[in-house]
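What follows is the content of data-v4.txt, which has compact mmCIF, C-alpha atoms (C1' of nucleotides):
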# COMPACT_ATOMS: atom_id res chain seq x y z
CA MET A 3 -283.65 -168.39 121.79
CA LYS A 4 -279.92 -168.48 122.18
CA LEU A 5 -278.49 -166.18 124.72
CA VAL A 6 -274.99 -165.64 125.81
CA SER A 7 -274.95 -166.82 129.35
CA PRO A 8 -273.70 -164.18 131.77
CA GLY A 9 -270.01 -164.24 132.40
CA GLU A 10 -269.00 -165.91 129.18
CA ALA A 11 -269.98 -163.42 126.59
CA ALA A 12 -267.00 -163.98 124.38
CA ALA A 13 -266.26 -167.51 125.44
CA ASN A 14 -269.37 -169.39 124.49
CA SER A 15 -268.22 -172.74 123.37
CA ASN A 16 -271.52 -174.49 123.09
CA ASP A 17 -274.95 -173.65 121.73
CA ILE A 18 -273.54 -171.73 118.83
CA PRO A 19 -276.10 -170.77 116.19
CA ALA A 20 -275.63 -172.10 112.70
CA GLU A 21 -274.97 -168.65 111.25
CA ALA A 22 -272.23 -166.93 113.18
CA GLY A 23 -273.18 -163.38 114.13
CA GLU A 24 -276.54 -164.30 115.57
CA GLU A 25 -275.40 -163.33 118.98
CA PHE A 26 -277.76 -161.73 121.43
CA VAL A 27 -276.90 -159.94 124.58
CA ARG A 28 -279.19 -158.68 127.25
CA ILE A 29 -279.34 -155.19 128.49
CA GLY A 30 -276.94 -155.61 131.37
CA GLU A 31 -274.13 -156.85 129.26
CA MET A 32 -274.83 -154.36 126.55
CA ALA A 33 -274.61 -151.57 129.08
CA LYS A 34 -271.35 -152.83 130.51
CA LYS A 35 -269.86 -153.33 127.10
CA TYR A 36 -270.46 -149.73 126.07
CA GLY A 37 -270.19 -147.99 129.36
CA VAL A 38 -273.75 -146.78 129.57
CA THR A 39 -276.50 -147.43 132.07
CA LEU A 40 -279.55 -149.58 131.62
CA ARG A 41 -281.60 -146.45 131.86
CA THR A 42 -279.73 -144.99 128.95
CA LEU A 43 -280.39 -147.97 126.74
CA ARG A 44 -284.07 -147.96 127.56
CA PHE A 45 -284.16 -144.25 127.02
CA TYR A 46 -282.58 -144.54 123.60
CA GLU A 47 -285.08 -147.18 122.72
CA ASP A 48 -287.91 -145.02 123.94
CA LYS A 49 -286.65 -142.28 121.66
CA GLY A 50 -286.57 -144.63 118.71
CA LEU A 51 -282.82 -144.84 118.45
CA LEU A 52 -282.57 -148.51 119.25
CA ASN A 53 -284.83 -151.42 118.49
CA PRO A 54 -283.67 -154.56 120.20
CA LYS A 55 -285.56 -157.76 119.67
CA ARG A 56 -287.46 -159.30 122.51
CA ASP A 57 -287.61 -162.64 124.15
CA GLY A 58 -290.88 -162.18 125.94
CA SER A 59 -290.21 -158.92 127.65
CA THR A 60 -286.46 -159.23 127.79
CA ARG A 61 -284.53 -157.07 125.40
CA LEU A 62 -282.04 -158.79 123.15
CA TYR A 63 -279.45 -156.68 121.44
CA THR A 64 -277.88 -157.79 118.20
CA ARG A 65 -274.78 -156.81 116.31
CA ARG A 66 -276.88 -154.26 114.54
CA ASP A 67 -277.92 -152.63 117.78
CA LYS A 68 -274.31 -152.44 118.75
CA ALA A 69 -273.45 -150.65 115.55
CA ARG A 70 -276.26 -148.21 116.13
CA LEU A 71 -275.24 -147.61 119.68
CA LYS A 72 -271.71 -146.90 118.59
CA LEU A 73 -273.02 -144.32 116.21
CA ILE A 74 -275.17 -142.77 118.88
CA LEU A 75 -272.22 -142.50 121.21
CA LEU A 76 -270.06 -141.03 118.50
CA GLY A 77 -272.79 -138.54 117.71
CA ARG A 78 -273.08 -137.52 121.30
CA LYS A 79 -269.36 -137.22 121.61
CA VAL A 80 -269.19 -134.71 118.82
CA GLY A 81 -272.10 -132.82 120.31
CA PHE A 82 -275.12 -133.86 118.31
CA SER A 83 -278.41 -134.03 120.09
CA LEU A 84 -280.21 -137.33 120.15
CA ARG A 85 -282.78 -135.79 117.86
CA ASP A 86 -280.13 -135.11 115.27
CA VAL A 87 -278.70 -138.56 115.61
CA LYS A 88 -282.11 -140.06 115.15
CA GLN A 89 -282.83 -137.94 112.14
CA MET A 90 -279.67 -139.12 110.49
CA MET A 91 -280.11 -142.75 111.40
CA ASP A 92 -283.70 -142.77 110.28
CA LEU A 93 -282.54 -142.12 106.76
CA TYR A 94 -280.55 -145.27 106.60
CA ASP A 95 -281.64 -147.66 103.90
CA PRO A 96 -279.70 -150.91 103.71
CA THR A 97 -280.68 -151.36 100.08
CA GLY A 98 -279.66 -148.00 98.70
CA SER A 99 -276.68 -145.74 98.27
CA ASN A 100 -277.82 -143.61 101.18
CA THR A 101 -276.90 -140.47 99.41
CA LYS A 102 -279.57 -138.54 101.21
CA GLN A 103 -278.44 -139.79 104.57
CA LEU A 104 -274.86 -138.95 103.86
CA ARG A 105 -275.73 -135.52 102.62
CA LEU A 106 -277.80 -134.80 105.68
CA ALA A 107 -275.04 -136.06 107.92
CA LEU A 108 -272.52 -133.90 106.15
CA ASP A 109 -274.75 -130.88 106.37
CA LYS A 110 -275.40 -131.33 110.02
CA SER A 111 -271.76 -132.03 110.61
CA GLU A 112 -270.69 -128.80 109.01
CA LYS A 113 -273.04 -126.85 111.20
CA GLN A 114 -271.98 -128.76 114.26
CA LEU A 115 -268.35 -128.17 113.43
CA ALA A 116 -269.04 -124.47 113.23
CA ARG A 117 -270.76 -124.59 116.60
CA LEU A 118 -267.87 -126.43 118.12
CA GLN A 119 -265.40 -123.94 116.79
CA LYS A 120 -267.46 -121.09 118.15
CA GLN A 121 -267.63 -122.84 121.48
CA ARG A 122 -263.93 -123.30 121.51
CA ALA A 123 -263.45 -119.64 120.84
CA LEU A 124 -265.79 -118.74 123.68
CA ILE A 125 -263.97 -121.04 126.02
CA GLU A 126 -260.63 -119.63 125.06
CA ASP A 127 -262.04 -116.20 125.66
CA ALA A 128 -263.24 -117.28 129.04
CA ILE A 129 -259.90 -118.82 129.86
CA ASN A 130 -258.16 -115.59 129.04
CA GLU A 131 -260.54 -113.43 131.03
CA LEU A 132 -260.38 -115.75 133.95
CA SER A 133 -256.61 -115.86 133.86
CA ASN A 134 -256.47 -112.11 133.85
CA SER A 135 -258.84 -111.86 136.77
CA MET A 136 -256.78 -114.35 138.66
CA THR A 137 -253.69 -112.31 138.12
CA VAL A 138 -255.45 -109.28 139.50
CA VAL A 139 -256.74 -111.17 142.50
CA ARG A 140 -253.33 -112.60 143.23
CA ARG A 141 -251.86 -109.14 143.10
CA MET A 142 -254.49 -107.90 145.51
CA LEU A 143 -253.75 -110.72 147.86
CA THR A 144 -250.02 -110.19 147.94
CA GLU A 145 -250.39 -106.46 148.40
CA ARG A 146 -252.53 -106.92 151.47
CA ALA A 147 -253.81 -103.39 151.66
CA ALA A 148 -256.30 -102.74 148.96
CA PRO A 149 -259.77 -102.79 150.56
CA GLN A 150 -261.80 -101.16 147.85
CA ALA A 151 -260.19 -102.38 144.74
CA SER A 152 -262.10 -102.77 141.54
CA ALA A 153 -263.11 -106.38 141.68
CA ALA A 154 -265.27 -106.76 144.74
CA GLY A 155 -269.00 -106.53 144.96
CA MET B 24 -286.50 -89.48 144.67
CA LYS B 25 -284.48 -88.35 141.74
CA LEU B 26 -284.72 -90.37 138.63
CA VAL B 27 -283.10 -90.02 135.31
CA SER B 28 -285.94 -89.21 132.98
CA PRO B 29 -286.26 -91.73 130.19
CA GLY B 30 -284.22 -90.95 127.13
CA GLU B 31 -281.68 -88.73 128.76
CA ALA B 32 -279.82 -91.04 131.01
CA ALA B 33 -276.47 -89.47 130.47
CA ALA B 34 -277.71 -86.01 129.59
CA ASN B 35 -279.62 -84.95 132.64
CA SER B 36 -279.09 -81.24 132.94
CA ASN B 37 -281.51 -80.47 135.72
CA ASP B 38 -282.50 -82.04 139.00
CA ILE B 39 -278.96 -83.12 139.74
CA PRO B 40 -278.43 -84.39 143.26
CA ALA B 41 -275.98 -82.58 145.50
CA GLU B 42 -273.61 -85.48 145.59
CA ALA B 43 -272.71 -86.64 142.14
CA GLY B 44 -273.04 -90.40 141.76
CA GLU B 45 -276.48 -90.58 143.30
CA GLU B 46 -277.94 -91.57 140.01
CA PHE B 47 -280.80 -94.02 139.83
CA VAL B 48 -281.97 -95.88 136.81
CA ARG B 49 -285.01 -98.03 136.44
CA ILE B 50 -285.05 -101.56 135.30
CA GLY B 51 -285.64 -100.86 131.63
CA GLU B 52 -282.64 -98.65 131.24
CA MET B 53 -280.50 -100.90 133.35
CA ALA B 54 -281.41 -103.82 131.14
CA LYS B 55 -280.65 -101.93 127.97
CA LYS B 56 -277.38 -100.65 129.33
CA TYR B 57 -276.07 -104.11 130.08
CA GLY B 58 -277.77 -106.11 127.40
CA VAL B 59 -279.89 -108.23 129.66
CA THR B 60 -283.63 -108.66 129.94
CA LEU B 61 -285.90 -107.35 132.64
CA ARG B 62 -286.55 -110.91 133.62
CA THR B 63 -282.88 -111.46 134.15
CA LEU B 64 -282.54 -108.50 136.48
CA ARG B 65 -285.52 -109.60 138.51
CA PHE B 66 -284.20 -113.11 138.55
CA TYR B 67 -280.82 -112.02 139.82
CA GLU B 68 -282.54 -110.03 142.52
CA ASP B 69 -284.66 -112.99 143.46
CA LYS B 70 -281.50 -115.01 143.81
CA GLY B 71 -279.98 -112.41 146.08
CA LEU B 72 -277.40 -111.17 143.61
CA LEU B 73 -278.79 -107.69 143.28
CA ASN B 74 -280.50 -105.41 145.74
CA PRO B 75 -281.81 -102.29 144.09
CA LYS B 76 -283.54 -99.67 146.15
CA ARG B 77 -287.20 -99.02 145.70
CA ASP B 78 -289.38 -96.05 145.04
CA GLY B 79 -292.63 -97.60 146.10
CA SER B 80 -292.55 -100.73 144.05
CA THR B 81 -290.29 -99.45 141.33
CA ARG B 82 -286.74 -100.74 141.36
CA LEU B 83 -283.99 -98.16 141.35
CA TYR B 84 -280.52 -99.30 140.46
CA THR B 85 -277.50 -97.43 141.72
CA ARG B 86 -273.86 -97.31 140.74
CA ARG B 87 -273.29 -100.11 143.17
CA ASP B 88 -275.84 -102.33 141.47
CA LYS B 89 -274.11 -101.67 138.21
CA ALA B 90 -270.80 -102.78 139.63
CA ARG B 91 -272.36 -105.92 140.96
CA LEU B 92 -274.08 -106.65 137.68
CA LYS B 93 -270.80 -106.24 135.86
CA LEU B 94 -269.27 -108.80 138.16
CA ILE B 95 -272.16 -111.17 137.66
CA LEU B 96 -271.82 -110.92 133.92
CA LEU B 97 -268.10 -111.44 134.09
CA GLY B 98 -268.65 -114.44 136.30
CA ARG B 99 -271.10 -115.93 133.90
CA LYS B 100 -268.82 -115.25 131.00
CA VAL B 101 -266.06 -117.29 132.54
CA GLY B 102 -268.52 -120.02 133.36
CA PHE B 103 -269.33 -119.60 137.01
CA SER B 104 -272.77 -120.54 138.15
CA LEU B 105 -274.89 -117.87 139.74
CA ARG B 106 -274.52 -119.75 142.99
CA ASP B 107 -270.78 -119.41 142.82
CA VAL B 108 -271.01 -115.77 141.97
CA LYS B 109 -273.31 -115.18 144.88
CA GLN B 110 -271.06 -117.06 147.24
CA MET B 111 -268.17 -114.90 146.28
CA MET B 112 -270.06 -111.64 146.36
CA ASP B 113 -271.60 -112.45 149.70
CA LEU B 114 -268.19 -112.36 151.24
CA TYR B 115 -267.61 -108.79 150.30
CA ASP B 116 -267.04 -106.48 153.23
CA PRO B 117 -266.48 -102.84 152.34
CA THR B 118 -264.68 -102.25 155.61
CA GLY B 119 -262.12 -105.03 155.46
CA SER B 120 -259.28 -106.34 153.36
CA ASN B 121 -261.54 -109.04 151.90
CA THR B 122 -258.81 -111.58 152.13
CA LYS B 123 -261.32 -114.34 152.57
CA GLN B 124 -263.30 -113.23 149.58
CA LEU B 125 -260.24 -113.02 147.42
CA ARG B 126 -259.01 -116.41 148.51
CA LEU B 127 -262.36 -117.99 147.78
CA ALA B 128 -262.47 -116.29 144.42
CA LEU B 129 -259.01 -117.50 143.60
CA ASP B 130 -259.81 -121.00 144.69
CA LYS B 131 -262.98 -121.16 142.68
CA SER B 132 -261.18 -119.61 139.74
CA GLU B 133 -258.50 -122.23 139.73
CA LYS B 134 -261.08 -124.96 139.67
CA GLN B 135 -263.05 -123.23 137.01
CA LEU B 136 -259.95 -122.72 134.93
CA ALA B 137 -259.28 -126.44 135.13
CA ARG B 138 -262.84 -127.15 134.05
CA LEU B 139 -262.52 -124.80 131.13
CA GLN B 140 -259.31 -126.39 130.00
CA LYS B 141 -260.86 -129.80 130.21
CA GLN B 142 -263.81 -128.58 128.22
CA ARG B 143 -261.55 -127.14 125.63
CA ALA B 144 -259.78 -130.47 125.33
CA LEU B 145 -263.09 -132.26 124.93
CA ILE B 146 -264.16 -129.84 122.27
CA GLU B 147 -260.95 -130.21 120.40
CA ASP B 148 -261.38 -133.93 120.57
CA ALA B 149 -264.87 -133.58 119.22
CA ILE B 150 -263.68 -131.32 116.45
CA ASN B 151 -261.12 -133.87 115.41
CA GLU B 152 -263.50 -136.78 115.49
CA LEU B 153 -266.10 -134.85 113.61
CA SER B 154 -263.61 -133.73 110.99
CA ASN B 155 -262.51 -137.30 110.48
CA SER B 156 -266.08 -138.49 110.12
CA MET B 157 -266.73 -135.77 107.62
CA THR B 158 -263.80 -136.85 105.56
CA VAL B 159 -265.12 -140.37 105.51
CA VAL B 160 -268.60 -139.25 104.57
CA ARG B 161 -267.27 -137.05 101.80
CA ARG B 162 -265.32 -139.96 100.45
CA MET B 163 -268.42 -142.12 100.50
CA LEU B 164 -270.36 -139.48 98.67
CA THR B 165 -267.85 -139.02 95.90
CA GLU B 166 -267.43 -142.72 95.40
CA ARG B 167 -271.12 -143.23 94.84
CA ALA B 168 -271.16 -146.96 95.25
CA ALA B 169 -270.72 -147.92 98.84
CA PRO B 170 -274.09 -149.01 100.20
CA GLN B 171 -273.04 -150.77 103.34
CA ALA B 172 -270.08 -148.84 104.45
CA SER B 173 -269.13 -148.60 108.06
CA ALA B 174 -270.84 -145.43 109.06
CA ALA B 175 -274.52 -145.97 108.54
CA GLY B 176 -277.00 -147.20 111.05
C1' DT C 16 -286.93 -173.94 147.85
C1' DA C 17 -284.93 -169.83 149.19
C1' DT C 18 -282.43 -166.10 147.87
C1' DA C 19 -279.90 -163.20 145.07
C1' DG C 20 -279.38 -161.12 140.72
C1' DA C 21 -281.43 -159.46 136.27
C1' DA C 22 -285.06 -157.63 134.00
C1' DT C 23 -289.55 -155.06 133.19
C1' DT C 24 -292.76 -150.74 133.03
C1' DG C 25 -294.16 -146.38 134.92
C1' DA C 26 -293.52 -142.09 136.44
C1' DC C 27 -291.74 -138.27 138.96
C1' DG C 28 -287.22 -135.61 139.75
C1' DT C 29 -283.08 -132.81 138.31
C1' DA C 30 -280.21 -129.03 136.79
C1' DA C 31 -279.78 -123.60 135.06
C1' DA C 32 -281.25 -119.60 133.80
C1' DC C 33 -284.25 -117.55 132.51
C1' DG C 34 -288.94 -117.22 128.88
C1' DT C 35 -293.52 -116.18 128.73
C1' DA C 36 -297.94 -115.16 129.73
C1' DA C 37 -301.47 -112.92 132.88
C1' DA C 38 -303.53 -109.30 135.25
C1' DA C 39 -302.91 -105.02 136.98
C1' DG C 40 -301.01 -100.38 138.60
C1' DG C 41 -298.54 -96.00 137.57
C1' DT C 42 -297.09 -91.97 134.40
C1' DG C 43 -296.40 -88.61 130.89
C1' DC C 44 -298.34 -86.47 126.99
C1' DG C 45 -301.27 -84.62 123.29
C1' DC D 19 -309.41 -88.15 128.79
C1' DG D 20 -307.26 -91.83 126.62
C1' DC D 21 -303.50 -94.24 124.91
C1' DA D 22 -298.94 -95.86 124.87
C1' DC D 23 -295.35 -97.35 127.62
C1' DC D 24 -293.11 -98.86 131.76
C1' DT D 25 -293.41 -101.44 135.73
C1' DT D 26 -295.06 -104.85 139.20
C1' DT D 27 -295.98 -109.78 141.13
C1' DT D 28 -297.10 -114.60 140.45
C1' DA D 29 -296.33 -118.71 138.53
C1' DC D 30 -296.02 -122.23 135.14
C1' DG D 31 -293.07 -123.62 130.96
C1' DT D 32 -288.68 -124.74 128.54
C1' DT D 33 -284.60 -127.63 127.36
C1' DT D 34 -281.82 -132.42 127.44
C1' DA D 35 -280.56 -136.68 128.86
C1' DC D 36 -281.04 -139.25 131.66
C1' DG D 37 -281.33 -140.43 137.53
C1' DT D 38 -283.95 -142.50 140.88
C1' DC D 39 -287.29 -144.85 143.05
C1' DA D 40 -291.27 -148.31 143.12
C1' DA D 41 -293.50 -152.44 142.47
C1' DT D 42 -293.18 -156.57 140.17
C1' DT D 43 -291.59 -160.60 137.57
C1' DC D 44 -288.29 -163.89 135.80
C1' DT D 45 -284.27 -166.70 136.03
C1' DA D 46 -280.32 -169.01 137.82
C1' DT D 47 -277.97 -171.03 141.33
C1' DA D 48 -276.89 -172.99 145.92

Reformat the file's structure so that it appears as structure tokens.
Amino acid sequence: MKLVSPGEAAANSNDIPAEAGEEFVRIGEMAKKYGVTLRTLRFYEDKGLLNPKRDGSTRLYTRRDKARLKLILLGRKVGFSLRDVKQMMDLYDPTGSNTKQLRLALDKSEKQLARLQKQRALIEDAINELSNSMTVVRRMLTERAAPQASAAG
Amino acid sequence: MKLVSPGEAAANSNDIPAEAGEEFVRIGEMAKKYGVTLRTLRFYEDKGLLNPKRDGSTRLYTRRDKARLKLILLGRKVGFSLRDVKQMMDLYDPTGSNTKQLRLALDKSEKQLARLQKQRALIEDAINELSNSMTVVRRMLTERAAPQASAAG
DNA sequence: TATAGAATTGACGTAAACGTAAAAGGTGCG
DNA sequence: CGCACCTTTTACGTTTACGTCAATTCTATA
């Protein structure tokens, strides 16, 4: 099998497969490329999110795996659980219009968007409360003479 | 010991202690009053955040416990861990100016505020990314003829 | 060939704040 | 008396996304 030898991932000048795009990378390079750990990649595979080919026991990641990983990372960035991501990816059918997949994704996305907006509201609430408390505490500190003020337990 | 009989927490007309403010409530009422579960109150006690008196084995919460619980809940609302809350409350000294406590609280608050702002930024980022993705997906759904578009794994 | 650098599987550990039984004791009331 | 209701302690379970060994094997290079 053709591997990209370590250290020349993008600069392989020899041993190029007939069809361009048949490029395999091993787990280490894959991890570096996407800023994740080996453990993460194995974990995703264990959860059915990735399916790299094998050369014996060595994992070989293809362009397809890279695309999937990108999606996973995007999903995580916007707050989806891996379960959700898997659910959506599992619906992918390369031979169809993927209407179902897209609908599911849109549905989940709407809910997730709502969650995110709620979270943002909560955080803004927290920021305000905390700012207020800080003002009070600062006041108490400058007026050094308020032993039993309201905010001490 | 004087208890508030169940169902008339605020309307106890008899058996009033000489000093007003010596009012004890049991765990059930305490929980209801502050919207937490019994488990939570016991948990907080186990973690050293609360210290109700006892009548035999029954917990009796005083005004002081209520104040502390309020602080705990405020702390949690603004995102402090229970550890942090405990650290801050442990510094309370009813006989001093509590300068140390206030300084610690302020210090922790500043850090927490920074965390919250960072979180908010992340969430806003996520909201934007998600919104963009949704736009793309909607487009793909209306133009029902894009099998291998970019966002399918 | 020796040694370092990747890779593998397996499996327990972590964090946070409780949830959820289980088994039992106390109390007021009709 | 009996039943409902409140309370107690003990202790394992939950959730999510990996981290962190451990023991071993494979490969590449000096």

(Q) List as a PyMOL selection string the protein and nucleic acid residues near C:DG45, meaning an atom at most 12 Å away when only C-alpha atoms (C1' of nucleotides) are counted, but skip any in the same chain fewer than 2 places from it. (A) (chain C and resi 43) or (chain D and resi 19-22)

Output of the above residues as an mmCIF file, keeping the file's coordinate frame, restricted to C-alpha atoms (C1' of nucleotides):
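Below is the file that was written, again28.cif:
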data_model
loop_
_atom_site.group_PDB
_atom_site.id
_atom_site.type_symbol
_atom_site.label_atom_id
_atom_site.label_comp_id
_atom_site.auth_asym_id
_atom_site.auth_seq_id
_atom_site.Cartn_x
_atom_site.Cartn_y
_atom_site.Cartn_z
ATOM 1 C "C1'" DG C 43 -296.400 -88.610 130.890
ATOM 2 C "C1'" DC D 19 -309.410 -88.150 128.790
ATOM 3 C "C1'" DG D 20 -307.260 -91.830 126.620
ATOM 4 C "C1'" DC D 21 -303.500 -94.240 124.910
ATOM 5 C "C1'" DA D 22 -298.940 -95.860 124.870
#

Q.
Show me, as a ChimeraX atom specification, the residues that have an atom within 12 Å of B:Leu136 when counting all atoms listed in the file, minus same-chain residues fewer than 5 positions from it.
A. /A:125-136 /B:101-103,128-131,141-143

Q | Contacts of stretch 26-35 of chain D within 10 Å, all atoms listed in the file, excl. fewer than 2 positions in-chain, as a ChimeraX atom specification | A | /A:42,45-46,83-84 /B:80-82 /C:31,33-41 /D:24,37

May I have the selected residues written with C-alpha atoms (C1' of nucleotides), as a tab-separated table (two decimals), keeping the file's coordinate frame?
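What landed in out31.tsv:
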chain	number	residue	atom	x	y	z
A	42	THR	CA	-279.73	-144.99	128.95
A	45	PHE	CA	-284.16	-144.25	127.02
A	46	TYR	CA	-282.58	-144.54	123.60
A	83	SER	CA	-278.41	-134.03	120.09
A	84	LEU	CA	-280.21	-137.33	120.15
B	80	SER	CA	-292.55	-100.73	144.05
B	81	THR	CA	-290.29	-99.45	141.33
B	82	ARG	CA	-286.74	-100.74	141.36
C	31	DA	C1'	-279.78	-123.60	135.06
C	33	DC	C1'	-284.25	-117.55	132.51
C	34	DG	C1'	-288.94	-117.22	128.88
C	35	DT	C1'	-293.52	-116.18	128.73
C	36	DA	C1'	-297.94	-115.16	129.73
C	37	DA	C1'	-301.47	-112.92	132.88
C	38	DA	C1'	-303.53	-109.30	135.25
C	39	DA	C1'	-302.91	-105.02	136.98
C	40	DG	C1'	-301.01	-100.38	138.60
C	41	DG	C1'	-298.54	-96.00	137.57
D	24	DC	C1'	-293.11	-98.86	131.76
D	37	DG	C1'	-281.33	-140.43	137.53

Q) Could you state the separation of atom CA of B:Leu125 and atom CA of B:Val59 in Å, given to one decimal place? A)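 These atoms are spaced 26.9 Å apart.
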
Q: Tell me, in Å to one decimal, how far atom CA of A:Lys35 is from atom CA of B:Val159.
A: 25.6 Å

Q | Top pick for closest residue to A:Val87, considering A:Thr144, A:Asn100, A:Gln119, A:Ser111 and counting all atoms listed in the file | A | A:Ser111

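Take atom CA of A:Tyr36 and atom CA of A:Thr64: the distance between them is 13.5 Å.
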
**Q.** chain A contacts on chain C, all atoms listed in the file, 8 Å, as an MDAnalysis selection string
**A.** chainID C and resid 21:23

May I have the selected residues written with C-alpha atoms (C1' of nucleotides), as a compact mmCIF listing (two decimals), in the frame of the given file?
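Output saved as selection.txt:
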# COMPACT_ATOMS: atom_id res chain seq x y z
C1' DA C 21 -281.43 -159.46 136.27
C1' DA C 22 -285.06 -157.63 134.00
C1' DT C 23 -289.55 -155.06 133.19

Q | Residue with smallest distance to chain D - pool B:Asp107, B:Glu46, B:Asp88, B:Glu52, counting only C-alpha atoms (C1' of nucleotides) | A |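 Of B:Asp107, B:Glu46, B:Asp88, B:Glu52, the one nearest chain D, counting only C-alpha atoms (C1' of nucleotides), is B:Glu52.
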
Q: Find the residues with any atom within 12 Å of (-293.7, -144.1, 134.7); use all atoms listed in the file and the coordinates as given in the file, and write the answer as an MDAnalysis selection string.
A: (chainID C and resid 23:28) or (chainID D and resid 38:41)
